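Below is one structure; the comments refer to it alone.
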Amino acid sequence: MIYITRREVFSASHRIYNPQLSDEENFSLYGKCSNPNGHGHNYTLEVTIAGEVNPETGYLIDLKKLKSIIRENVIDKLDHKNLNLDVDFLKDKIPTSENIVLGIWNQLAGKIPDGKLYSIKLYETENNYIEYKGE
């Protein structure tokens with residue numbers, strides 16, 4: 001099994017809060033991330049594909065094709081957006097890194113023609129990342 005990872009970056013803003021909770025409860029749970037004015041991150045996304053090398057091409061997947069799939073289905077929908085207001089696949093979700101990763105997975109699942117989506121890793125900061133490997 002071969003694993004290929006493509007890294008992309010995007011910037012987005014969000015406010016982490018639960019509308020069912022009071023301002024005090026949100027601040028207690030999410031701290032400064034629940035600021036009503038929101039805040040932003042420069043995210044790094046890593047998408048890993050698993051599969052076998054195609055003997056005709058020598059590739060698992062053409063990286064130009066993978067880049068195009070990621071950009072069309074994820075980056076174009078997230079980059080320079082407000083995750084609470086502008087992103088359809090995050091509507092009615094609290095835009096934590098966990099929910100963002102699950103949303104990205106769902107955007108890419110079934111769209112990788114030459115391999116299997118293996119994992120999604122999202123770096124919110126240099127020290128914090130979330131990884132999801134599907135079910």
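Ordering of the structure tokens sets the chain letters (A, B, ...); residue numbers start at 1 within each chain; ligands are numbered from 1 in the order shown.
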Original post:
Could you pull the residues within 8 Å of range 103-119 of chain A, counting only C-alpha atoms, minus those fewer than 6 positions along the same chain, as a PyMOL selection string?
Top reply: chain A and resi 47-52+60-61+66+69-70+73-74+89-90+131-134
Please, which residues in range 84-108 of chain A fall within 12 Å of range 34-42 of chain A when counting only C-alpha atoms, and what is the closest atom pair and distance in Å to one decimal for each, ordered by chain then residue number, as a Markdown table?
```
| residue | atom | partner | partner_atom | distance |
| --- | --- | --- | --- | --- |
| A:Asn84 | CA | A:Gly38 | CA | 9.4 |
| A:Leu85 | CA | A:Gly38 | CA | 11.4 |
| A:Ile94 | CA | A:Ser34 | CA | 10.6 |
| A:Pro95 | CA | A:Ser34 | CA | 10.9 |
| A:Thr96 | CA | A:Ser34 | CA | 10.8 |
| A:Ser97 | CA | A:His41 | CA | 10.8 |
```
Dump as a PDB file, in the first residue's frame, selection limited to all heavy atoms:
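Output contents, as saved in selection-v7.pdb:
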```
ATOM      1  N   ASN A  84     -18.851  30.113  10.142  1.00  0.00           N
ATOM      2  CA  ASN A  84     -20.191  30.102  10.710  1.00  0.00           C
ATOM      3  C   ASN A  84     -21.253  30.496   9.680  1.00  0.00           C
ATOM      4  O   ASN A  84     -22.377  30.013   9.739  1.00  0.00           O
ATOM      5  CB  ASN A  84     -20.304  31.084  11.885  1.00  0.00           C
ATOM      6  CG  ASN A  84     -19.374  30.767  13.007  1.00  0.00           C
ATOM      7  OD1 ASN A  84     -18.210  31.158  12.975  1.00  0.00           O
ATOM      8  ND2 ASN A  84     -19.850  30.054  14.003  1.00  0.00           N
ATOM      9  N   LEU A  85     -20.891  31.374   8.753  1.00  0.00           N
ATOM     10  CA  LEU A  85     -21.890  31.973   7.874  1.00  0.00           C
ATOM     11  C   LEU A  85     -21.795  31.563   6.408  1.00  0.00           C
ATOM     12  O   LEU A  85     -22.808  31.549   5.708  1.00  0.00           O
ATOM     13  CB  LEU A  85     -21.775  33.513   7.945  1.00  0.00           C
ATOM     14  CG  LEU A  85     -21.879  34.142   9.325  1.00  0.00           C
ATOM     15  CD1 LEU A  85     -21.593  35.622   9.249  1.00  0.00           C
ATOM     16  CD2 LEU A  85     -23.238  33.853   9.938  1.00  0.00           C
ATOM     17  N   ILE A  94     -21.157  23.532  15.125  1.00  0.00           N
ATOM     18  CA  ILE A  94     -20.217  24.387  15.831  1.00  0.00           C
ATOM     19  C   ILE A  94     -18.876  24.208  15.116  1.00  0.00           C
ATOM     20  O   ILE A  94     -18.368  23.083  15.042  1.00  0.00           O
ATOM     21  CB  ILE A  94     -20.121  24.003  17.320  1.00  0.00           C
ATOM     22  CG1 ILE A  94     -21.496  24.151  17.983  1.00  0.00           C
ATOM     23  CG2 ILE A  94     -19.070  24.861  18.023  1.00  0.00           C
ATOM     24  CD1 ILE A  94     -21.587  23.556  19.373  1.00  0.00           C
ATOM     25  N   PRO A  95     -18.283  25.267  14.548  1.00  0.00           N
ATOM     26  CA  PRO A  95     -17.100  25.095  13.692  1.00  0.00           C
ATOM     27  C   PRO A  95     -15.800  24.875  14.463  1.00  0.00           C
ATOM     28  O   PRO A  95     -14.831  25.614  14.328  1.00  0.00           O
ATOM     29  CB  PRO A  95     -17.081  26.378  12.868  1.00  0.00           C
ATOM     30  CG  PRO A  95     -17.683  27.400  13.772  1.00  0.00           C
ATOM     31  CD  PRO A  95     -18.748  26.665  14.546  1.00  0.00           C
ATOM     32  N   THR A  96     -15.801  23.825  15.262  1.00  0.00           N
ATOM     33  CA  THR A  96     -14.567  23.391  15.920  1.00  0.00           C
ATOM     34  C   THR A  96     -13.704  22.690  14.873  1.00  0.00           C
ATOM     35  O   THR A  96     -14.195  22.277  13.816  1.00  0.00           O
ATOM     36  CB  THR A  96     -14.880  22.401  17.055  1.00  0.00           C
ATOM     37  OG1 THR A  96     -15.561  21.275  16.490  1.00  0.00           O
ATOM     38  CG2 THR A  96     -15.727  23.043  18.150  1.00  0.00           C
ATOM     39  N   SER A  97     -12.443  22.504  15.179  1.00  0.00           N
ATOM     40  CA  SER A  97     -11.567  21.776  14.250  1.00  0.00           C
ATOM     41  C   SER A  97     -12.094  20.377  13.988  1.00  0.00           C
ATOM     42  O   SER A  97     -11.992  19.864  12.869  1.00  0.00           O
ATOM     43  CB  SER A  97     -10.146  21.703  14.804  1.00  0.00           C
ATOM     44  OG  SER A  97      -9.575  22.985  14.838  1.00  0.00           O
TER      45      SER A  97
END
```
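With only C-alpha atoms as the basis for measurement, A:Tyr43 is the residue among A:Tyr43, A:Ser28, A:Thr5, A:Glu56 that approaches Thr125 in chain A most closely.
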**OP:** Mind listing the alpha helix (DSSP H) residues of chain A, per DSSP on the backbone, as a VMD selection string?
**Re:** chain A and resid 23 to 30 63 to 70 76 to 78 97 to 108
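Across A:Leu21, A:Leu63, A:Ile16, A:Ile130, the tightest approach to Lys93 in chain A is made by A:Ile16 when counting only C-alpha atoms.
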